[in-house]
Amino acid sequence: MVAAGEAKTNRRECFATAMRKASRRLTQLYDDALAPSGLRSTQFSILAELAMGSGAPPTLTELADALVADRSSLGHALRPLVRDGYVVLRRGKTDRRAQHIALTESGRAKFHETATHWQMAQQAFASLHGKAWAKTVRATLLEIAHDDRLGKMAREARS
């Protein structure tokens with residue numbers, strides 16, 4: 001084990017830093033494309049997840065898990081969507097502590113209206129390097145996002 005201060009670090013090799021930089025750049029692309037709708041990419045992602053979902057509205061925890069987000073960040077992103085009437089928070093019928101997030105009809109309409117802007121960002125990204133490359137990158141990113149071993153590694157490192 002390496003003692004604190006002994007580890008040689010090369011920030012240029014940091015996967016997390018590279019991923020964050022890429023994420024910020026892609027977020028700029030999508031936020032710019034979505035700007036005419038008044039939504040940010042994080043808000044559109046929430047509407048999309050709810051619109052594409054099947055069954056009962058998810059709880060806050062379930063939606064956070066689906067988006068690979070923490071509950072506090074999700075709560076922050078939900079506030080304007082609730083304020084604007086695109087989603088509603090409902091207490092659970094059997095467990096009153098649980099909050100379910102439901103898409104309203106206004107939210108569904110906003111999702112469909114904004115999808116055109118989102119599609120422009122999708123096409124812009126794919127056109128930069130080609131559709132095959134973009135598909136491979138997306139698959140790789142989703143593989144990383146859903147790799148529970150990474151979260152476990154972080155928890156074990158803190159122990």
# chains A, B, ... in the order shown; residues from 1 in each chain; ligands from 1
call {"tool": "select_by_dssp", "arguments": {"residues": "chain A", "states": "alpha helix (DSSP H)", "output": "PyMOL selection string"}}
result
chain A and resi 15-34+41-52+60-67+71-83+105-129+131-145+148-158
call {"tool": "write_last_selection", "arguments": {"atoms": "C-alpha atoms", "output": "short mmCIF file (atom, residue, chain, number, x, y, z; two decimals), in the first residue's frame"}}
result
data_model
loop_
_atom_site.label_atom_id
_atom_site.label_comp_id
_atom_site.auth_asym_id
_atom_site.auth_seq_id
_atom_site.Cartn_x
_atom_site.Cartn_y
_atom_site.Cartn_z
CA PHE A 15 -9.79 8.70 -16.00
CA ALA A 16 -12.16 10.70 -13.78
CA THR A 17 -10.73 14.03 -14.92
CA ALA A 18 -10.92 13.06 -18.58
CA MET A 19 -14.50 11.83 -18.12
CA ARG A 20 -15.53 15.02 -16.33
CA LYS A 21 -14.03 17.18 -19.05
CA ALA A 22 -15.82 15.18 -21.72
CA SER A 23 -19.03 15.31 -19.72
CA ARG A 24 -18.85 19.09 -19.36
CA ARG A 25 -18.20 19.51 -23.09
CA LEU A 26 -21.12 17.26 -24.03
CA THR A 27 -23.34 19.00 -21.51
CA GLN A 28 -22.49 22.31 -23.21
CA LEU A 29 -23.51 20.84 -26.57
CA TYR A 30 -26.84 19.56 -25.25
CA ASP A 31 -27.58 22.63 -23.12
CA ASP A 32 -26.98 24.87 -26.13
CA ALA A 33 -29.27 22.74 -28.28
CA LEU A 34 -31.97 22.60 -25.59
CA SER A 41 -29.85 18.64 -20.33
CA THR A 42 -30.18 17.34 -16.75
CA GLN A 43 -33.85 18.30 -16.71
CA PHE A 44 -34.47 16.76 -20.12
CA SER A 45 -32.85 13.53 -18.91
CA ILE A 46 -35.33 13.39 -16.04
CA LEU A 47 -38.31 13.98 -18.32
CA ALA A 48 -36.98 11.37 -20.76
CA GLU A 49 -36.50 8.77 -18.01
CA LEU A 50 -40.04 9.36 -16.76
CA ALA A 51 -41.55 9.42 -20.26
CA MET A 52 -39.83 6.19 -21.28
CA LEU A 60 -36.86 9.47 -5.75
CA THR A 61 -34.34 6.73 -4.96
CA GLU A 62 -35.35 4.62 -7.97
CA LEU A 63 -35.09 7.59 -10.32
CA ALA A 64 -31.72 8.57 -8.86
CA ASP A 65 -30.48 4.99 -9.38
CA ALA A 66 -31.75 4.94 -12.98
CA LEU A 67 -29.94 8.21 -13.71
CA ARG A 71 -30.64 12.00 -4.39
CA SER A 72 -29.60 15.55 -3.49
CA SER A 73 -28.51 16.38 -7.05
CA LEU A 74 -31.71 14.87 -8.40
CA GLY A 75 -33.76 16.88 -5.90
CA HIS A 76 -32.03 20.06 -7.05
CA ALA A 77 -32.74 19.29 -10.73
CA LEU A 78 -36.38 18.40 -9.94
CA ARG A 79 -37.27 21.72 -8.28
CA PRO A 80 -37.76 23.75 -11.49
CA LEU A 81 -39.61 20.85 -13.12
CA VAL A 82 -42.03 20.73 -10.18
CA ARG A 83 -42.32 24.54 -10.14
CA GLU A 105 -49.41 15.91 -19.17
CA SER A 106 -47.63 19.25 -19.42
CA GLY A 107 -44.35 17.46 -18.74
CA ARG A 108 -45.05 14.86 -21.41
CA ALA A 109 -45.80 17.65 -23.90
CA LYS A 110 -42.60 19.48 -22.89
CA PHE A 111 -40.61 16.27 -23.36
CA HIS A 112 -41.98 15.79 -26.89
CA GLU A 113 -41.43 19.47 -27.75
CA THR A 114 -37.84 19.36 -26.47
CA ALA A 115 -37.01 16.03 -28.13
CA THR A 116 -36.47 17.83 -31.45
CA HIS A 117 -33.75 20.00 -29.89
CA TRP A 118 -32.23 16.95 -28.21
CA GLN A 119 -32.17 15.15 -31.58
CA MET A 120 -30.19 18.03 -33.07
CA ALA A 121 -27.53 17.60 -30.37
CA GLN A 122 -27.48 13.84 -30.97
CA GLN A 123 -26.94 14.36 -34.69
CA ALA A 124 -24.29 17.03 -34.13
CA PHE A 125 -22.31 14.73 -31.86
CA ALA A 126 -22.61 11.72 -34.19
CA SER A 127 -21.61 13.79 -37.22
CA LEU A 128 -18.31 14.80 -35.64
CA HIS A 129 -16.80 11.30 -35.76
CA LYS A 131 -22.40 7.21 -36.22
CA ALA A 132 -20.46 3.98 -35.64
CA TRP A 133 -17.91 5.71 -33.42
CA ALA A 134 -20.64 7.56 -31.51
CA LYS A 135 -22.50 4.29 -30.94
CA THR A 136 -19.34 2.62 -29.62
CA VAL A 137 -18.58 5.53 -27.29
CA ARG A 138 -22.15 5.52 -25.96
CA ALA A 139 -22.01 1.77 -25.31
CA THR A 140 -18.69 2.13 -23.52
CA LEU A 141 -19.94 5.00 -21.36
CA LEU A 142 -23.09 3.08 -20.41
CA GLU A 143 -20.96 0.07 -19.53
CA ILE A 144 -18.95 2.27 -17.16
CA ALA A 145 -22.07 3.95 -15.76
CA ASP A 148 -21.52 -1.61 -9.91
CA ARG A 149 -17.98 -2.83 -9.20
CA LEU A 150 -16.72 0.74 -9.51
CA GLY A 151 -19.01 1.99 -6.75
CA LYS A 152 -18.00 -0.97 -4.62
CA MET A 153 -14.30 -0.21 -5.16
CA ALA A 154 -14.83 3.34 -3.97
CA ARG A 155 -16.65 2.18 -0.84
CA GLU A 156 -13.94 -0.40 -0.05
CA ALA A 157 -11.19 2.21 -0.48
CA ARG A 158 -12.87 4.37 2.18
#
call {"tool": "select_by_dssp", "arguments": {"residues": "chain A", "states": "strand (DSSP E or B)", "output": "NGL selection string"}}
result
:A and (59 or 87-91 or 99-103)
call {"tool": "atom_distance", "arguments": {"atom1": "CA of Ile101 (chain A)", "atom2": "CA of Pro36 (chain A)"}}
result
24.9 Å
call {"tool": "closest_residue", "arguments": {"among": "A:His146, A:Gly55, A:Gly130, A:Ala69", "to": "Ala102 (chain A)", "atoms": "only C-alpha atoms"}}
result
A:Gly55
call {"tool": "atom_distance", "arguments": {"atom1": "CA of Val88 (chain A)", "atom2": "CA of Leu103 (chain A)"}}
result
6.6 Å
